[in-house]
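Text of input_10.cif (mmCIF, C-alpha atoms and all ligand atoms) as supplied:
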data_query
loop_
_atom_site.label_atom_id
_atom_site.label_comp_id
_atom_site.auth_asym_id
_atom_site.auth_seq_id
_atom_site.Cartn_x
_atom_site.Cartn_y
_atom_site.Cartn_z
CA MET A 679 0.00 0.00 0.00
CA SER A 680 1.40 3.36 -0.93
CA PHE A 681 1.54 5.72 2.02
CA LEU A 682 2.02 9.11 0.41
CA GLN A 683 0.94 9.81 -3.14
CA LEU A 684 1.44 12.84 -5.34
CA ARG A 685 -0.87 12.74 -8.34
CA GLY A 686 -0.26 15.28 -11.08
CA VAL A 687 0.79 17.94 -8.57
CA GLU A 688 1.16 21.45 -10.04
CA LYS A 689 2.46 24.78 -8.79
CA PHE A 690 2.35 28.15 -10.51
CA PHE A 691 4.10 31.27 -9.28
CA GLY A 692 2.28 33.84 -11.39
CA GLU A 693 2.83 32.67 -14.98
CA HIS A 694 5.76 30.46 -14.00
CA ARG A 695 4.87 26.76 -13.83
CA ALA A 696 7.31 25.76 -11.09
CA ILE A 697 6.01 22.18 -10.58
CA LYS A 698 4.76 20.40 -13.68
CA GLY A 699 2.42 17.52 -12.95
CA VAL A 700 4.55 15.49 -10.56
CA ASN A 701 3.51 11.88 -9.85
CA LEU A 702 5.24 10.07 -7.03
CA THR A 703 4.43 7.26 -4.62
CA ILE A 704 6.22 6.84 -1.31
CA GLU A 705 5.93 3.73 0.84
CA LYS A 706 5.60 3.68 4.59
CA GLY A 707 9.01 3.82 6.28
CA GLU A 708 10.85 4.88 3.15
CA PHE A 709 13.60 7.49 3.18
CA VAL A 710 13.18 9.49 -0.03
CA VAL A 711 15.62 12.22 -1.06
CA PHE A 712 14.78 15.01 -3.53
CA VAL A 713 17.82 16.27 -5.43
CA GLY A 714 18.30 18.56 -8.39
CA PRO A 715 19.95 21.82 -9.39
CA SER A 716 19.09 25.11 -7.74
CA GLY A 717 15.60 26.28 -8.69
CA CYS A 718 14.35 22.86 -9.90
CA GLY A 719 11.50 22.91 -7.39
CA LYS A 720 12.72 20.63 -4.56
CA SER A 721 11.73 22.96 -1.73
CA THR A 722 8.46 23.93 -3.39
CA LEU A 723 7.47 20.27 -3.71
CA LEU A 724 8.38 19.61 -0.07
CA ARG A 725 6.49 22.69 1.10
CA MET A 726 3.42 21.58 -0.85
CA ILE A 727 3.55 18.23 0.93
CA ALA A 728 3.96 20.08 4.24
CA GLY A 729 0.99 22.34 3.49
CA LEU A 730 3.12 25.49 3.62
CA THR A 731 2.66 26.20 -0.10
CA GLU A 732 -0.72 25.83 -1.76
CA ILE A 733 -1.17 23.11 -4.38
CA ASP A 734 -2.56 24.54 -7.64
CA GLY A 735 -3.43 21.27 -9.38
CA GLY A 736 -3.46 17.53 -8.75
CA GLU A 737 -3.89 15.67 -5.49
CA LEU A 738 -1.99 14.69 -2.40
CA VAL A 739 -2.99 11.55 -0.51
CA LEU A 740 -1.56 10.53 2.87
CA ASP A 741 -2.47 7.24 4.48
CA ASN A 742 -5.57 6.82 2.32
CA ARG A 743 -6.83 10.33 2.99
CA GLU A 744 -6.85 13.18 0.50
CA ILE A 745 -5.07 16.11 2.13
CA THR A 746 -4.55 18.43 -0.86
CA ARG A 747 -6.25 21.39 0.81
CA LEU A 748 -5.86 20.40 4.46
CA PRO A 749 -4.09 23.04 6.59
CA SER A 750 -0.52 22.24 7.53
CA SER A 751 -1.33 21.85 11.24
CA LYS A 752 -3.82 19.06 10.49
CA ARG A 753 -1.54 16.99 8.24
CA ASP A 754 0.41 15.16 10.93
CA LEU A 755 3.76 15.94 9.33
CA ALA A 756 6.82 17.50 10.95
CA MET A 757 9.28 19.66 9.05
CA VAL A 758 12.90 20.37 9.95
CA PHE A 759 14.39 23.45 8.30
CA GLN A 760 17.91 24.49 7.46
CA SER A 761 17.55 27.48 9.81
CA TYR A 762 16.46 25.33 12.83
CA ALA A 763 13.63 27.80 13.63
CA LEU A 764 14.01 27.29 17.39
CA TYR A 765 12.49 29.62 20.00
CA PRO A 766 15.60 31.48 21.22
CA HIS A 767 14.33 32.36 24.70
CA MET A 768 13.09 28.83 25.52
CA SER A 769 15.18 25.99 26.93
CA VAL A 770 15.93 22.98 24.78
CA TYR A 771 13.38 21.05 26.83
CA ASP A 772 10.68 23.63 26.20
CA ASN A 773 11.55 23.85 22.52
CA MET A 774 11.24 20.10 22.16
CA SER A 775 8.02 19.84 24.16
CA PHE A 776 6.29 22.90 22.69
CA ALA A 777 4.01 21.12 20.22
CA LEU A 778 3.00 18.53 22.80
CA ARG A 779 2.14 21.19 25.38
CA LEU A 780 0.09 22.97 22.75
CA ALA A 781 -1.73 19.70 22.07
CA LYS A 782 -2.44 19.43 25.85
CA VAL A 783 -0.53 16.17 26.22
CA ASP A 784 -0.06 15.33 29.94
CA ARG A 785 3.20 16.25 31.61
CA GLN A 786 4.43 12.75 32.27
CA THR A 787 3.96 11.65 28.66
CA ILE A 788 5.69 14.81 27.48
CA ASP A 789 8.60 14.14 29.79
CA GLU A 790 8.98 10.54 28.60
CA LYS A 791 8.95 11.60 24.96
CA VAL A 792 11.39 14.46 25.41
CA GLN A 793 13.79 12.34 27.47
CA ARG A 794 13.69 9.56 24.90
CA ALA A 795 14.34 11.93 21.99
CA ALA A 796 17.12 13.61 23.96
CA ARG A 797 18.75 10.23 24.57
CA ILE A 798 18.51 9.25 20.91
CA LEU A 799 19.99 12.58 19.83
CA ASN A 800 22.64 12.87 22.55
CA LEU A 801 21.02 15.99 23.95
CA ALA A 802 20.25 14.77 27.49
CA GLN A 803 22.81 17.05 29.14
CA TYR A 804 21.67 20.16 27.26
CA LEU A 805 17.96 20.17 28.07
CA GLN A 806 18.13 23.22 30.32
CA ARG A 807 20.23 25.33 27.94
CA THR A 808 18.85 27.84 25.49
CA PRO A 809 19.63 27.47 21.76
CA ARG A 810 22.14 30.31 21.98
CA GLU A 811 24.27 28.15 24.31
CA LEU A 812 24.51 25.34 21.76
CA SER A 813 26.63 24.63 18.70
CA GLY A 814 25.05 24.61 15.24
CA GLY A 815 24.99 20.82 15.18
CA GLN A 816 23.35 20.64 18.60
CA ARG A 817 20.73 23.18 17.52
CA GLN A 818 19.92 21.13 14.48
CA ARG A 819 19.54 18.06 16.69
CA VAL A 820 17.08 20.02 18.88
CA ALA A 821 15.11 20.86 15.74
CA ILE A 822 15.08 17.16 14.84
CA GLY A 823 14.12 16.28 18.44
CA ARG A 824 11.19 18.63 18.23
CA ALA A 825 9.97 16.70 15.20
CA ILE A 826 10.59 13.28 16.79
CA VAL A 827 8.54 13.89 19.94
CA ARG A 828 5.47 14.52 17.81
CA ALA A 829 5.81 11.09 16.17
CA PRO A 830 4.38 12.45 12.91
CA LYS A 831 3.32 10.31 9.98
CA VAL A 832 6.06 11.82 7.82
CA PHE A 833 9.28 13.71 8.56
CA LEU A 834 10.18 16.44 6.09
CA PHE A 835 13.71 17.82 6.00
CA ASP A 836 14.66 20.87 3.94
CA GLU A 837 18.47 20.99 3.59
CA PRO A 838 18.86 20.44 7.34
CA LEU A 839 22.65 20.26 7.30
CA SER A 840 23.58 23.07 4.97
CA ASN A 841 24.41 25.54 7.77
CA LEU A 842 26.90 23.15 9.36
CA ASP A 843 30.61 22.87 8.67
CA ALA A 844 31.91 19.80 6.86
CA ALA A 845 32.76 17.73 9.94
CA LEU A 846 29.45 18.42 11.69
CA ARG A 847 27.57 17.78 8.50
CA GLY A 848 29.10 14.34 8.33
CA GLN A 849 28.36 13.53 11.98
CA THR A 850 24.81 14.81 11.85
CA ARG A 851 24.19 12.95 8.60
CA ILE A 852 25.21 9.73 10.33
CA GLU A 853 22.88 10.53 13.23
CA ILE A 854 19.97 11.08 10.85
CA HIS A 855 20.84 7.79 9.18
CA LYS A 856 20.82 5.91 12.51
CA LEU A 857 17.65 7.68 13.55
CA HIS A 858 15.91 6.41 10.47
CA ARG A 859 17.26 2.92 11.04
CA ASP A 860 15.93 2.98 14.63
CA LEU A 861 12.59 4.73 14.16
CA GLY A 862 11.80 3.66 10.59
CA ALA A 863 9.79 6.83 10.05
CA THR A 864 8.70 7.82 6.55
CA THR A 865 11.04 10.64 5.58
CA ILE A 866 11.38 13.08 2.69
CA TYR A 867 14.65 14.95 2.58
CA VAL A 868 15.70 17.78 0.29
CA THR A 869 19.38 18.33 -0.38
CA HIS A 870 21.78 19.35 -3.09
CA ASP A 871 24.51 17.29 -1.43
CA GLN A 872 25.36 14.15 -3.38
CA VAL A 873 26.80 12.32 -0.40
CA GLU A 874 23.67 12.91 1.67
CA ALA A 875 21.49 11.73 -1.18
CA MET A 876 23.56 8.61 -1.88
CA THR A 877 24.02 7.59 1.76
CA LEU A 878 20.63 8.39 3.27
CA ALA A 879 18.16 7.53 0.55
CA ASP A 880 16.25 4.33 0.01
CA ARG A 881 15.19 6.09 -3.19
CA VAL A 882 16.38 9.28 -4.82
CA VAL A 883 14.09 11.53 -6.86
CA VAL A 884 16.03 13.61 -9.37
CA LEU A 885 14.18 16.80 -10.28
CA ARG A 886 14.84 19.23 -13.08
CA ASP A 887 12.82 22.25 -14.02
CA GLY A 888 9.73 21.20 -12.03
CA GLN A 889 9.67 17.63 -13.34
CA ILE A 890 10.95 14.25 -12.23
CA GLU A 891 13.83 12.99 -14.38
CA GLN A 892 14.28 9.65 -12.62
CA VAL A 893 13.39 7.84 -9.40
CA GLY A 894 15.52 4.95 -8.15
CA THR A 895 17.82 3.60 -5.50
CA PRO A 896 21.12 5.46 -5.30
CA LEU A 897 22.96 2.68 -7.09
CA GLU A 898 20.31 2.34 -9.79
CA LEU A 899 20.76 6.01 -10.58
CA TYR A 900 24.52 5.66 -10.53
CA ASP A 901 24.69 2.47 -12.60
CA ARG A 902 21.71 3.01 -14.91
CA PRO A 903 20.97 6.70 -15.30
CA ALA A 904 17.92 7.21 -17.53
CA ASN A 905 19.50 10.12 -19.33
CA ARG A 906 22.51 12.31 -19.66
CA PHE A 907 21.22 14.82 -17.12
CA VAL A 908 20.89 12.24 -14.33
CA ALA A 909 24.20 10.67 -15.38
CA GLN A 910 25.99 13.96 -14.88
CA PHE A 911 24.05 15.02 -11.81
CA ILE A 912 24.79 11.84 -9.80
CA GLY A 913 28.46 11.13 -9.10
CA THR A 914 31.48 13.28 -8.23
CA PRO A 915 33.50 14.09 -10.24
CA GLN A 916 30.92 14.19 -13.00
CA MET A 917 30.67 11.46 -15.59
CA ASN A 918 32.75 12.23 -18.69
CA ILE A 919 30.45 12.81 -21.68
CA LEU A 920 31.89 12.52 -25.17
CA ASP A 921 30.10 13.36 -28.41
CA THR A 922 30.54 10.59 -30.99
CA ARG A 923 31.00 13.30 -33.64
CA ASP A 924 34.27 14.16 -31.89
CA LEU A 925 35.37 10.54 -31.74
CA PRO A 926 36.04 9.18 -35.21
CA ALA A 927 38.33 6.20 -34.85
CA LEU A 928 38.12 6.33 -31.08
CA ASP A 929 34.70 4.66 -30.60
CA ALA A 930 36.01 1.18 -30.01
CA ALA A 931 38.70 2.41 -27.66
CA VAL A 932 36.12 4.09 -25.42
CA GLY A 933 33.83 1.06 -25.52
CA ALA A 934 31.15 2.32 -27.91
CA PRO A 935 29.96 0.50 -31.06
CA ASP A 936 31.16 2.48 -34.10
CA THR A 937 27.54 2.68 -35.32
CA HIS A 938 26.57 4.69 -32.24
CA ASP A 939 25.55 8.28 -32.92
CA GLY A 940 25.06 10.36 -29.79
CA PHE A 941 26.98 10.53 -26.55
CA VAL A 942 29.23 8.18 -24.63
CA GLY A 943 29.42 8.49 -20.83
CA LEU A 944 32.40 7.24 -18.86
CA ARG A 945 32.54 7.34 -15.04
CA PRO A 946 35.92 8.77 -13.96
CA GLU A 947 36.82 5.59 -12.05
CA THR A 948 36.58 3.59 -15.30
CA VAL A 949 39.23 5.72 -17.02
CA LEU A 950 42.45 3.86 -16.24
CA MET A 951 45.96 5.29 -16.45
CA ARG A 952 48.66 3.16 -18.10
CA GLU A 953 52.35 3.54 -18.78
CA PRO A 954 53.10 5.64 -21.89
CA GLY A 955 52.85 3.47 -24.97
CA GLN A 956 50.43 1.07 -23.30
CA GLY A 957 46.64 1.18 -23.37
CA ARG A 958 44.29 1.70 -26.32
CA LEU A 959 44.45 5.47 -26.04
CA SER A 960 47.24 7.87 -25.28
CA GLY A 961 47.27 11.38 -23.94
CA ARG A 962 48.91 14.07 -21.89
CA VAL A 963 48.21 14.98 -18.27
CA GLU A 964 46.86 18.52 -17.88
CA LEU A 965 46.11 18.72 -14.17
CA VAL A 966 46.44 16.49 -11.10
CA GLU A 967 44.31 16.86 -7.96
CA SER A 968 45.45 14.75 -5.01
CA LEU A 969 42.62 14.03 -2.57
CA GLY A 970 44.68 11.85 -0.25
CA ALA A 971 43.12 8.43 -0.78
CA ASN A 972 42.54 8.99 -4.47
CA THR A 973 43.77 11.20 -7.28
CA LEU A 974 41.92 13.01 -10.05
CA ILE A 975 43.84 13.23 -13.30
CA TYR A 976 42.65 15.45 -16.14
CA VAL A 977 44.02 14.22 -19.46
CA GLN A 978 43.90 15.45 -23.00
CA VAL A 979 43.48 12.43 -25.28
CA ASP A 980 45.65 12.30 -28.42
CA HIS A 981 43.36 12.69 -31.38
CA PRO A 982 45.36 14.38 -34.14
CA GLY A 983 43.50 16.81 -36.37
CA ARG A 984 40.27 16.55 -34.38
CA ALA A 985 38.50 18.48 -31.65
CA PRO A 986 40.28 17.90 -28.35
CA VAL A 987 38.86 15.14 -26.17
CA GLN A 988 39.31 15.58 -22.43
CA LEU A 989 38.76 13.00 -19.74
CA VAL A 990 38.91 13.04 -15.97
CA ALA A 991 40.17 9.86 -14.33
CA ASP A 992 39.63 9.01 -10.65
CA GLN A 993 42.37 6.64 -9.49
CA PRO A 994 42.31 4.99 -6.07
CA THR A 995 46.05 5.49 -5.67
CA ARG A 996 48.81 8.08 -5.65
CA THR A 997 49.93 8.07 -9.23
CA GLY A 998 53.12 10.13 -9.21
CA LEU A 999 51.85 11.82 -12.39
CA HIS A 1000 52.43 15.49 -13.14
CA PRO A 1001 51.04 17.95 -15.67
CA GLY A 1002 52.74 17.40 -19.03
CA ASP A 1003 53.39 13.67 -18.47
CA LEU A 1004 52.51 11.33 -21.32
CA VAL A 1005 50.22 8.46 -20.39
CA GLY A 1006 48.48 5.47 -21.89
CA ILE A 1007 44.73 5.21 -21.21
CA ASP A 1008 42.31 2.31 -21.12
CA ILE A 1009 38.59 2.30 -20.49
CA ALA A 1010 37.36 -0.48 -18.19
CA PRO A 1011 35.41 -3.13 -20.15
CA GLY A 1012 31.65 -2.54 -20.20
CA ALA A 1013 32.01 0.93 -18.70
CA ALA A 1014 30.51 2.99 -21.52
CA HIS A 1015 27.03 4.45 -21.01
CA LEU A 1016 25.40 5.20 -24.37
CA PHE A 1017 23.00 8.12 -24.88
CA ASP A 1018 21.16 9.14 -28.02
CA ARG A 1019 21.30 12.68 -29.46
CA GLU A 1020 18.43 13.74 -27.15
CA GLY A 1021 20.39 12.45 -24.17
CA ARG A 1022 18.24 9.38 -23.47
CA ALA A 1023 20.07 6.28 -22.26
CA LEU A 1024 20.13 3.35 -24.65
CA ALA A 1025 19.46 -0.04 -23.07
CA ALA A 1026 22.76 -1.70 -22.21
P1 LIG B 1101 17.37 25.62 -4.23
O1 LIG B 1101 18.17 24.36 -4.29
O2 LIG B 1101 18.08 26.78 -4.81
O3 LIG B 1101 16.76 25.88 -2.88
P2 LIG B 1101 14.86 24.48 -5.19
O4 LIG B 1101 15.04 23.32 -6.10
O5 LIG B 1101 14.46 24.21 -3.79
O6 LIG B 1101 16.14 25.41 -5.26
P3 LIG B 1101 12.47 26.08 -5.30
O7 LIG B 1101 12.83 26.97 -4.17
O8 LIG B 1101 11.45 25.05 -5.05
O9 LIG B 1101 13.78 25.40 -5.91
O10 LIG B 1101 12.01 27.01 -6.51
C1 LIG B 1101 11.48 26.47 -7.72
C2 LIG B 1101 11.16 27.61 -8.68
O11 LIG B 1101 10.07 28.36 -8.18
C3 LIG B 1101 12.30 28.61 -8.85
O12 LIG B 1101 12.29 29.03 -10.20
C4 LIG B 1101 11.93 29.73 -7.91
O13 LIG B 1101 12.45 30.95 -8.37
C5 LIG B 1101 10.42 29.72 -7.96
N1 LIG B 1101 9.82 30.13 -6.66
C6 LIG B 1101 9.95 29.49 -5.48
N2 LIG B 1101 9.25 30.10 -4.50
C7 LIG B 1101 8.67 31.18 -5.09
C8 LIG B 1101 7.79 32.23 -4.62
N3 LIG B 1101 7.39 32.27 -3.37
N4 LIG B 1101 7.40 33.15 -5.53
C9 LIG B 1101 7.79 33.09 -6.81
N5 LIG B 1101 8.60 32.14 -7.32
C10 LIG B 1101 9.02 31.19 -6.48
#
Before anything else, please render the file you have as structure tokens.
Amino acid sequence: MSFLQLRGVEKFFGEHRAIKGVNLTIEKGEFVVFVGPSGCGKSTLLRMIAGLTEIDGGELVLDNREITRLPSSKRDLAMVFQSYALYPHMSVYDNMSFALRLAKVDRQTIDEKVQRAARILNLAQYLQRTPRELSGGQRQRVAIGRAIVRAPKVFLFDEPLSNLDAALRGQTRIEIHKLHRDLGATTIYVTHDQVEAMTLADRVVVLRDGQIEQVGTPLELYDRPANRFVAQFIGTPQMNILDTRDLPALDAAVGAPDTHDGFVGLRPETVLMREPGQGRLSGRVELVESLGANTLIYVQVDHPGRAPVQLVADQPTRTGLHPGDLVGIDIAPGAAHLFDREGRALAA
């Protein structure tokens, strides 16, 4: 049984059609991540589910009940924002218990729920502090705690980690991951962070210009992107995309049939560096980026008399290569993703 359903959901801002007939089904307990470039409509879609932005067309169904026009407060959803939105003058305890007090829940039940959430989120020792006396990561955990105590049908997160520094982002991401493992709550999470999308999601929804491009598990999107857009949006560094018109005589070497007209996509980890003179291709190193565990190598492929072909390779080693070095290049067998001229993936 589907738990949350979006059926042909539309949003207009004036003349601008920001959400264009989105259909999506989310199962109970699923962790779904919305990703896409800035302005694609991720937040708008989330806010429509939350009831914070009016839905102009289509329907929203939660747990067998149509809620398209139901006010936010009656939807039984809890939203966690990037900006925390805590009450600055209230203690952590009062922030977390606020909604329950408003709902006239008895004091003992409130206390049990707050204490439990505080334990889960490692906030037990901070309950009497005010938000000002907490770090950014702790504040975000209070905001999450406030959502947990309400035990809503669905948790909605709008870029909850984007105000945190890299280390805290990582830690808090892991906490959200464990929280979902322990509570199993249905969750929709908006981010533009690849790592968050790949690590947290049961399914990722890739949006572009108010429409869904593809829905799938993180590895489905990585291994079988439906089109060139998804292929380049998922994965860092981006998939290499080559136009077959620039590749005469190179098709076979990059793993594409020579009848293919369109684009060839190669993940950087499938571009393999060889000794000069070895490999099916040769080229010259333009730039090397050492990331510690792995190295990114930008190479210009030899292709005399033709438009230059550039590739980025991601090697799980320290290569000792420098700009200007000559290298051989191979493409891992079966690595090529084929796209037609319109960018649609061809079946492998
Ligand atoms: P970002 O990653 O930058 O937050 P997003 O994918 O969340 O982007 P939205 O904020 O949902 O994108 O915006 C989708 C589109 O709708 C954008 O073109 C935006 O300019 C427009 N938009 C959003 N909110 C409003 C509003 N209140 N009034 C007018 N236009 C809006």
For ligand LIG 1101 (chain B), the nearest of the candidates A:Gly933, A:Gly848, A:Pro982, A:Gly888, counting all atoms listed in the file: A:Gly888
Using only the atoms of ligand LIG 1101 (chain B) listed in the file, plus 3 Å on each side, state the axis-aligned box centre and edge lengths in Å rounded to one decimal, as JSON.
{"center_x": 12.8, "center_y": 28.2, "center_z": -6.5, "size_x": 16.8, "size_y": 15.8, "size_z": 13.3}
Environment of ligand LIG 1101 (chain B) within 12 Å, counting only C-alpha atoms and all ligand atoms, reported as an MDAnalysis selection string: chainID A and resid 688:698 712:726 730:732 759:760 835:838 840 867:871 883:890
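Nearest to Leu965 in chain A of all the residues A:Gly823, A:Pro986, A:Gly940, A:Gly1002 is A:Gly1002, based on all atoms listed in the file.
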Shell around Leu748 in chain A at 10 Å using only C-alpha atoms, local window under 3 positions removed, as a ChimeraX atom specification: /A:728-729,732,738,744-745,751-753
Of the listed residues A:Arg819, A:Arg828, A:Arg685, A:Lys791, that which approaches Ile704 in chain A most closely, counting all atoms listed in the file: A:Arg685
Who sits within 10 Å of Asp1003 in chain A, only C-alpha atoms, same chain under 4 positions skipped, as a list in words: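 The contact residues come out as Pro954, Gly961, Arg962, Val963, Glu964, Leu965, Val977, Gly998 and Leu999 of chain A.
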Those residues you just picked out, can you put them in a file as a tab-separated table (two decimals), keeping the file's coordinate frame with C-alpha atoms?
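Done, and the output landed in selection.tsv:
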chain	number	residue	atom	x	y	z
A	954	PRO	CA	53.10	5.64	-21.89
A	961	GLY	CA	47.27	11.38	-23.94
A	962	ARG	CA	48.91	14.07	-21.89
A	963	VAL	CA	48.21	14.98	-18.27
A	964	GLU	CA	46.86	18.52	-17.88
A	965	LEU	CA	46.11	18.72	-14.17
A	977	VAL	CA	44.02	14.22	-19.46
A	998	GLY	CA	53.12	10.13	-9.21
A	999	LEU	CA	51.85	11.82	-12.39
Minimum-distance residue to Thr865 in chain A, chosen among A:Met768, A:Val783, A:Val710, A:Ala904 (using all atoms listed in the file): A:Val710
Exercise: His855 in chain A partners within 12 Å, all atoms listed in the file, chain neighbours under 2 positions left out, as JSON, numbers by chain: {"A": [709, 799, 848, 849, 850, 851, 852, 853, 857, 858, 859, 860, 861, 862, 863, 865, 867, 874, 875, 876, 877, 878, 879, 880]}
From A:Leu897, A:Ile727, A:Ala777, A:Ile798, residue lying nearest Val832 in chain A [only C-alpha atoms]: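 Once distances to Val832 in chain A are computed over only C-alpha atoms, the minimum belongs to A:Ile727.
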Separation of CA of Gly1006 in chain A from CA of Val979 in chain A, in Å and rounded to one decimal: 9.2 Å
At most 10 Å is the cut-off: for each residue in range 749-795 of chain A with any atom that close to an atom of range 804-808 of chain A, write down the nearest atom pair and the distance in Å rounded to one decimal, counting all atoms listed in the file, chain first then increasing number, as CSV.
residue,atom,partner,partner_atom,distance
A:Leu764,CA,A:Thr808,CA,9.5
A:Tyr765,CA,A:Thr808,CA,8.6
A:Pro766,CA,A:Thr808,CA,6.5
A:His767,CA,A:Thr808,CA,6.4
A:Met768,CA,A:Thr808,CA,5.8
A:Ser769,CA,A:Thr808,CA,4.4
A:Val770,CA,A:Leu805,CA,4.8
A:Tyr771,CA,A:Leu805,CA,4.8
A:Asp772,CA,A:Leu805,CA,8.3
A:Asn773,CA,A:Thr808,CA,8.8
A:Met774,CA,A:Leu805,CA,8.9
A:Val792,CA,A:Leu805,CA,9.1
A:Gln793,CA,A:Leu805,CA,8.9
Separation of CA of Asn905 in chain A from CA of Gln872 in chain A in Å: 17.5 Å
Interatomic distance (Å, one decimal) between CA of Val987 in chain A and CA of Gln892 in chain A: 28.6 Å
